[in-house]
Every structure is written in C-alpha cells, then in structure tokens.
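Visitor: This is the structure, below, for whatever I ask next.
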2 protein chains.
Amino acid sequence: MAILVVGSIGIDLLETPFGRAEDVLGGAASHFCAAASFYDTVDMVGVVGTDFPQAYLDYFRSRGADIDGIQVVEGQTFRWGGRYHLDMNTRDTLYTELGVFADFHPTVPESYRSAPIAFLANIHPSLQNEVLEQATGAYLTVLDSMNLWISTTRPELDEVISKIDVLLMSEEEARQYAGTPGLVTAAHKILEGGPRMVVIKQGSYGALLFSKDGSFFAAPAYPLEDVRDPTGAGDAFAGGFIGYLARAYHEHGEFTAVDFKRALIHGNIMGSFHCEDFGLNRLKTLTPDEITTRYREFLNFTHFDPDWVNGTE
Amino acid sequence: MAILVVGSIGIDLLETPFGRAEDVLGGAASHFCAAASFYDTVDMVGVVGTDFPQAYLDYFRSRGADIDGIQVVEGQTFRWGGRYHLDMNTRDTLYTELGVFADFHPTVPESYRSAPIAFLANIHPSLQNEVLEQATGAYLTVLDSMNLWISTTRPELDEVISKIDVLLMSEEEARQYAGTPGLVTAAHKILEGGPRMVVIKQGSYGALLFSKDGSFFAAPAYPLEDVRDPTGAGDAFAGGFIGYLARAYHEHGEFTAVDFKRALIHGNIMGSFHCEDFGLNRLKTLTPDEITTRYREFLNFTHFDPDWVNGTE
C-alpha cells in the first residue's frame, strides 16, 4: 500500500527577494515525496546522475520512501535555476540542464505495481503514458502537466489525460488547454476529455475541484504572511492532496466525496507550509501536529454553518 | 430599523463583449439598494438631477426603500460610461459627467438617524466624514472607497477610516493603501489605522475578512459560468454583506463572529447574482428562494467537516 510517483529529481538554484539557495534538492518528485510522506509510503521512480549527493537519497529514505525505482545513471543530474521577481508571482528560469533526464525512460519496479494511487508528476506526456501502462494496480491515477506540453505535445497530452482519473492544472494552464477564458467553462471542457475530476490550482487564491458528476468544491488558500520560496508548491500541494487520499483509501478502501474535499484542503495545507521557507526546509522541520493545527484553522476560516451535514444538503 | 446608505445614483452606459445597455440605472447607492433590499429597508441619501427618470425613483420605492434623502436638484444626473475588455477584468471609462453630483453635500434626514447600520459607499472621503457626523444612531458603520481617493485625498481618507467599523477594499486598493504587496501584512496595517475589520474583495476569487481580534475568514466566489456585466458587483456585495448583518441585528441585537462569516457569504451571493446580467436586470428578477438555494450551494462547496461546531474549535 503506497503512492507511486514518477517525476523529476534535480538540483536547484533558487533566488528570491528573500535570499538565495544553491545546490538544493529539487524536482517535482522530490517536492511531492517530502509532502506526501507525511501521509503514506512513497514509491519513487526517477533518474539521477552519478553526481547526485548521497545525502539526498538518504533524505528520501528518512521519509520512509522506497527509492528502488530511482535509476542512477552515468552523467549529470537534472539542474534548474530560477529567480523570482519582487511580487513572487513571476519568475525567470536562469537555466535548465536536463543531464541524464534527457534520455529517461521510467521503469516501475515490480514491487511498486500494487500501489493503489499513482501520481504522474510533470514530465513529457509520452513518459506519463509509459508509466500508466506499467502502473497496472492503480485504483486512482493523478496527473500534473505544464504549459510547455500543452503547446508542443498536445496529442500525447490528450491521450494521457483521457486515461487518468484526476487532472491537476494551474488556472492559466486550464484556460490555455481548454482555449477559453472562463474557468468554469474550461473545467467542463476538460472533463469532457476523460478525467473524472479536475483540480484547478490558483496559487495564493486556493484551489477548485470540478467533478464529472457536477459537484464542485472550493478551498481558499491559507493566509500566509510571507512567501519565501514558492518553488515546488504545486508538487507539495499534490503531496497533501494525494497523501490524504491514500490515507482515506487505507481506512475504507474507496473514496467518498468528502475525502476529495478534505484532500483539497490538505493540498492547500502542504502547499502553504512549503512556501514558508527555501527548498524543502520547511517540510524538513514540519510535524504532524502542525498539520492538524492548520487543518483546524482551515475549518474555522471556511465553515460558517454548523447545521451542515455532509450529504444531506 | 434600517440601513442608511450614502452614495452615487447615476445613469450608466455599459459595453461588454456580451452586449450594450444605454441609460440604465447605476451608481453605488443604486446597486447597493437593489441587493440590500432583499434583507432590510434601505434609507437612501444621494442626489439626482431633474432629468432623472421617475421610473428609477419608483424602482427604489418598489424595493421598499425610503427615498426622502434623495435630493432632486436642477441640472443633469451623474452619468458614467464604461467598456469592458474581452477578459472582463479590465475596463475603460468612456466618460464621467458629474452633473449635480459635483456640488453634492449629503443631508441625512432626521428619520434616518436611528438606522443601526450605515454604509458609506464610494464618494469623496470628506462627504463620508460629513455623513458620519450625522449618522449618530449607527451601531455599525461600513465604508467603501477607491484608488482615486487613496492617491489624491489620503488625509481625509485616513480620518474617515479611523472612525468606521468595517472597511471594504479590493485587494489592489488594500495593497496600494498599505503600501505593501503582501495581502496579510496589508490587512494588518489597515487594521492598525482604526477599523475593527477589513474585508478584502478579490473579485472572481471571493473575499477575505480580517478582524482586529486576530480572526480570519475566507469566502470563495460562486463559480459563475458567464459574467455578463460586473459593474456594481462590489456594491451588490456590500448589499448582501450589510443586508445580512442588518437581519442578524434585528434577530439578536448584536453581531456574533458567525454573523460576519455568513455576511461575507451573502456578499458573495449577491455579487455573483449581480454579474449574471446587465445593470440591475438580474436583481430585478431575483427571488429570496434563489438566495437560499445559492446559500446551500455555498455550504456544500465550502464545508468539508461536519464535526465543526462554531466556537469550539
């Protein structure tokens, strides 16, 4: 019982108005693992070069993750550098060096194939398709993507989106993918393409969940005083969202509508913690009690009617 | 027992990608009255010219409003024309003709002075100060403003803000007024200036409520498929927010923390209805049942934990 994740593992350079951090552990799968590991075991699939620090592999292990699916290949690990502007909403990519990631083909170890939930983090949609064919035991599949694949590899992206259960997209990506400025219309168009649900990530405004059955849920963001580094916040969001679902699946072997609502809240919780410090620093010191406290805060700043009873309204 | 409102009453020209409407009833006080009148009696203070259509005065009366405080002055009514861009988020002002509004000094009729709630809609802060001196019976005062007054009449604006209970601001205005990009920091700075609460309006993202006692509430927006005309949505929001508070005040003679939370939801409800059609068209056909239905929808798309009990978490 675990969560299978496939995605980038890299070494980042981060520059924000609050400071600079060099050679920090990065990549979508790393951010995801850091967050999801608070909820369940993470089975990691990815690739690193021979330059990848042993300390970072040890970090994944310390989080209880299985790293048998991380290939170590002769060459340089994926490296990315980014610089955030004063408003923290826009950033420049300083460099992207694919290294061993350029020729990556994911192999899902036999022992991972029974994982009930699979997260296909943002990588080339063809690779996501390859993983889907191997993740035969997945009860729920969740996919993330990016603007690059929407504009350059649309057929492959459409194909993989038609096969998965839950699609995660930023609101800009949803508008671009659906070709319409209206977010509600965009969500409905996306759902016609296959997935049961689409989660629209709105950064500092929270997240929305649209389902094929017509239901809708909105989770506002946690009111953060300072955002120090938003890199990977979307993957930490996915970690909280999927992590909570994995826990619910353990408990009752399926997902209820309220599980998905709470999962969206946990996505926002982990995304908000993640932004509080550089790289994975905040998640490294985070405790389960802090997650519980923030969940209670969410309850209090979103609920306004104690007469609400799930399912009866 | 009523709500006192002071603000512009005008005749608008509206152009959006969805159509055009000429000579429609507009102005902050009109939009506010249309929404708030679903909850309580509205006592209107404003000025119109001798060209103002009798039908529009009749409309106010049909909504149960008291219009003794509307001065009819020789000259032209305030006129405004606006054109929305394709994304509906930006608009150009085509013209602003102040007319009789230029020399307006509000006089609050004796019979209005016992109104327990006063709404100072967006007008020159000096006029808002004049109203505050006359609204001696107000248990709660709420103020709206705009970017123009922040940049041109800051001392007068600071003065009136120091005296009121609840300040309504768009997020751009809050950042501008507080001089900081961080919204949470901006809200706290604003609260230092006097008001007990500040409501940050975020348009299609909903609204936030920050209180001096440290509490916080977030209301997501209603997921509208089509926004046909957002003109006056902020005033309709104020109408739902203040209208609900007036109703709560009638019921228990004070405001609880949960009253303010639900008021924020009702603000979003009325703001969302208002955007569904041009001018006041949607509010003209709106029924109390539709408000109740939308409230239930809000419950279902914001609540995720039936164990929440107000005040115990």
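Each chain in the structure tokens gets a letter, A, B and so on, in the order shown; residues start at 1 in every chain, and ligands are counted from 1 in the order they appear.
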Which residues, written as a list in words, have at least one atom at most 9 Å from A:Val309, with only C-alpha atoms counted and residues fewer than 5 positions away on the same chain left out?

Guide: His303, Asp305, Pro306 and Asp307 of chain B

Visitor: Any chance you could export the current selection's all heavy atoms as an mmCIF file, in the first residue's frame?

Guide:
data_model
loop_
_atom_site.group_PDB
_atom_site.id
_atom_site.type_symbol
_atom_site.label_atom_id
_atom_site.label_comp_id
_atom_site.auth_asym_id
_atom_site.auth_seq_id
_atom_site.Cartn_x
_atom_site.Cartn_y
_atom_site.Cartn_z
ATOM 1 N N HIS B 303 -17.864 23.532 2.897
ATOM 2 C CA HIS B 303 -17.755 22.742 4.122
ATOM 3 C C HIS B 303 -17.249 21.342 3.813
ATOM 4 O O HIS B 303 -17.631 20.741 2.814
ATOM 5 C CB HIS B 303 -19.120 22.664 4.821
ATOM 6 C CG HIS B 303 -19.502 23.943 5.507
ATOM 7 N ND1 HIS B 303 -19.370 25.160 4.919
ATOM 8 C CD2 HIS B 303 -19.995 24.191 6.749
ATOM 9 C CE1 HIS B 303 -19.774 26.108 5.762
ATOM 10 N NE2 HIS B 303 -20.162 25.549 6.885
ATOM 11 N N ASP B 305 -16.247 19.247 6.837
ATOM 12 C CA ASP B 305 -16.125 18.507 8.091
ATOM 13 C C ASP B 305 -17.329 18.778 8.978
ATOM 14 O O ASP B 305 -17.418 19.842 9.597
ATOM 15 C CB ASP B 305 -14.827 18.896 8.805
ATOM 16 C CG ASP B 305 -14.435 17.871 9.858
ATOM 17 O OD1 ASP B 305 -15.340 17.258 10.454
ATOM 18 O OD2 ASP B 305 -13.226 17.673 10.069
ATOM 19 N N PRO B 306 -18.261 17.816 9.061
ATOM 20 C CA PRO B 306 -19.467 18.034 9.867
ATOM 21 C C PRO B 306 -19.177 18.096 11.365
ATOM 22 O O PRO B 306 -20.059 18.464 12.131
ATOM 23 C CB PRO B 306 -20.357 16.827 9.526
ATOM 24 C CG PRO B 306 -19.462 15.824 8.908
ATOM 25 C CD PRO B 306 -18.267 16.525 8.366
ATOM 26 N N ASP B 307 -17.953 17.760 11.757
ATOM 27 C CA ASP B 307 -17.624 17.814 13.181
ATOM 28 C C ASP B 307 -17.384 19.240 13.666
ATOM 29 O O ASP B 307 -17.274 19.478 14.859
ATOM 30 C CB ASP B 307 -16.374 16.979 13.481
ATOM 31 C CG ASP B 307 -16.638 15.503 13.249
ATOM 32 O OD1 ASP B 307 -17.819 15.123 13.266
ATOM 33 O OD2 ASP B 307 -15.676 14.760 13.034
#

Visitor: Using only C-alpha atoms, I'd like a table of the residues in chain A that come within 7 Å of chain B; for each, show the closest atom pair and its distance in Å rounded to one decimal, ordered by chain and ascending number, as a Markdown table.

Guide:
| residue | atom | partner | partner_atom | distance |
| --- | --- | --- | --- | --- |
| A:Asp87 | CA | B:Pro181 | CA | 6.7 |
| A:Pro181 | CA | B:Asp87 | CA | 6.7 |
| A:Gly182 | CA | B:Glu225 | CA | 6.8 |
| A:Val184 | CA | B:Glu225 | CA | 5.3 |
| A:Thr185 | CA | B:Glu225 | CA | 6.1 |
| A:Tyr205 | CA | B:Tyr205 | CA | 6.5 |
| A:Phe216 | CA | B:Phe301 | CA | 5.8 |
| A:Phe217 | CA | B:Phe301 | CA | 4.2 |
| A:Ala218 | CA | B:Phe301 | CA | 5.8 |
| A:Ala219 | CA | B:Thr302 | CA | 6.7 |
| A:Pro220 | CA | B:Pro220 | CA | 6.2 |
| A:Pro223 | CA | B:Val184 | CA | 6.4 |
| A:Leu224 | CA | B:Val184 | CA | 6.7 |
| A:Glu225 | CA | B:Val184 | CA | 5.3 |
| A:Val258 | CA | B:Phe304 | CA | 6.1 |
| A:Lys261 | CA | B:Phe304 | CA | 5.9 |
| A:Arg262 | CA | B:Phe304 | CA | 6.0 |
| A:Arg296 | CA | B:Glu313 | CA | 6.8 |
| A:Leu299 | CA | B:Trp308 | CA | 6.8 |
| A:Asn300 | CA | B:Glu313 | CA | 7.0 |
| A:Phe301 | CA | B:Phe217 | CA | 4.2 |
| A:Thr302 | CA | B:Ala218 | CA | 5.8 |
| A:His303 | CA | B:His303 | CA | 5.7 |
| A:Phe304 | CA | B:Lys261 | CA | 5.9 |
| A:Pro306 | CA | B:Val309 | CA | 5.4 |
| A:Trp308 | CA | B:Pro306 | CA | 6.4 |
| A:Val309 | CA | B:Pro306 | CA | 5.4 |
| A:Asn310 | CA | B:Pro306 | CA | 6.3 |
| A:Glu313 | CA | B:Arg296 | CA | 6.8 |

Visitor: How would the residues just picked look written out with C-alpha atoms as a PDB file, in the first residue's frame?

Guide:
ATOM      1  CA  ASP A  87       5.912  40.169  -6.382  1.00  0.00           C
ATOM      2  CA  PRO A 181     -11.050  32.493 -20.620  1.00  0.00           C
ATOM      3  CA  GLY A 182     -13.970  31.296 -18.447  1.00  0.00           C
ATOM      4  CA  VAL A 184     -15.930  27.098 -15.187  1.00  0.00           C
ATOM      5  CA  THR A 185     -16.379  26.502 -18.919  1.00  0.00           C
ATOM      6  CA  TYR A 205      -6.168  32.098  -4.058  1.00  0.00           C
ATOM      7  CA  PHE A 216     -17.843  21.412  -7.092  1.00  0.00           C
ATOM      8  CA  PHE A 217     -15.640  22.319  -4.146  1.00  0.00           C
ATOM      9  CA  ALA A 218     -13.585  25.424  -3.397  1.00  0.00           C
ATOM     10  CA  ALA A 219     -10.709  25.610  -0.930  1.00  0.00           C
ATOM     11  CA  PRO A 220      -9.296  29.047  -0.183  1.00  0.00           C
ATOM     12  CA  PRO A 223      -3.326  33.327   4.585  1.00  0.00           C
ATOM     13  CA  LEU A 224       0.470  33.348   4.543  1.00  0.00           C
ATOM     14  CA  GLU A 225       2.197  36.434   5.903  1.00  0.00           C
ATOM     15  CA  VAL A 258     -15.885  14.264   1.365  1.00  0.00           C
ATOM     16  CA  LYS A 261     -12.894  17.794  -0.332  1.00  0.00           C
ATOM     17  CA  ARG A 262     -10.570  17.181   2.602  1.00  0.00           C
ATOM     18  CA  ARG A 296      -8.362  23.162  12.399  1.00  0.00           C
ATOM     19  CA  LEU A 299     -12.106  24.542   9.464  1.00  0.00           C
ATOM     20  CA  ASN A 300     -12.575  27.790  11.319  1.00  0.00           C
ATOM     21  CA  PHE A 301     -11.889  30.146   8.475  1.00  0.00           C
ATOM     22  CA  THR A 302     -14.029  28.283   5.923  1.00  0.00           C
ATOM     23  CA  HIS A 303     -17.016  26.966   7.887  1.00  0.00           C
ATOM     24  CA  PHE A 304     -19.891  29.232   8.791  1.00  0.00           C
ATOM     25  CA  PRO A 306     -22.792  24.111  11.999  1.00  0.00           C
ATOM     26  CA  TRP A 308     -24.292  21.485   7.557  1.00  0.00           C
ATOM     27  CA  VAL A 309     -24.341  17.714   7.480  1.00  0.00           C
ATOM     28  CA  ASN A 310     -22.419  16.011   4.727  1.00  0.00           C
ATOM     29  CA  GLU A 313     -27.829  19.370   1.887  1.00  0.00           C
TER      30      GLU A 313
END

Visitor: Residues near stretch 5-11 of chain B, anyone? I mean within 7 Å using only C-alpha atoms, not counting same-chain ones fewer than 5 positions away, as a PyMOL selection string.

Guide: chain B and resi 23-30+43-48+77-80+118-123

Visitor: Please identify which residues in stretch 104-258 of chain A DSSP calls helix (DSSP H, G or I) from the backbone, and express them as an MDAnalysis selection string.

Guide: chainID A and resid 110:112 125:134 147:152 154:163 171:178 183:192 203:205 233:252 257:258

Visitor: Can you work out which one of A:Ile150, A:Arg196, A:Ile161, A:Arg61 has the shortest atom-to-atom distance to A:Gly179, counting only C-alpha atoms?

Guide: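 Going through A:Ile150, A:Arg196, A:Ile161, A:Arg61 one by one, the smallest distance to A:Gly179 is for A:Ile150.
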
Visitor: Excluding same-chain residues fewer than 4 positions from A:Glu173, what lies within 6 Å of it counting only C-alpha atoms, as a ChimeraX atom specification?

Guide: /A:147,169,177

Visitor: Please compute the atom CA of A:Asp58-atom CA of A:Asn129 distance, one decimal, in Å.

Guide: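 Between atom CA of A:Asp58 and atom CA of A:Asn129 the gap works out to 29.2 Å.
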
Visitor: Rank nothing, just name the residue among A:Ile291, A:Ala174, A:Ile190, A:Leu14 nearest to A:Asp92, using only C-alpha atoms.

Guide: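 Looking only at the distances to A:Asp92, the closest residue turns out to be A:Leu14.
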
Visitor: Interatomic distance between atom CA of B:Asp103 and atom CA of B:Val160?

Guide: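 Computed distance, atom CA of B:Asp103 to atom CA of B:Val160, equals 19.9 Å.
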
Visitor: Output as a PyMOL selection string all residues of stretch 56-292 of chain A that backbone DSSP marks as strand (DSSP E or B).

Guide: chain A and resi 66-73+78-84+91-97+117-120+140-144+166-170+197-201+207-211+216-219

Visitor: I need the residue nearest A:Asp289 from this list: A:Phe38, A:Phe104, A:Tyr244, A:Trp149. Use only C-alpha atoms for the distance.

Guide: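 Between A:Phe38, A:Phe104, A:Tyr244, A:Trp149, the residue approaching A:Asp289 most closely is A:Phe38.
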
Visitor: For each of A:His105, A:Val100, A:Ser111, A:Asp144, take the minimum atom-to-atom distance to A:Leu127, counting only C-alpha atoms, then give the residue where this is smallest.

Guide: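 Of the candidates, the smallest distance to A:Leu127 is held by A:His105.
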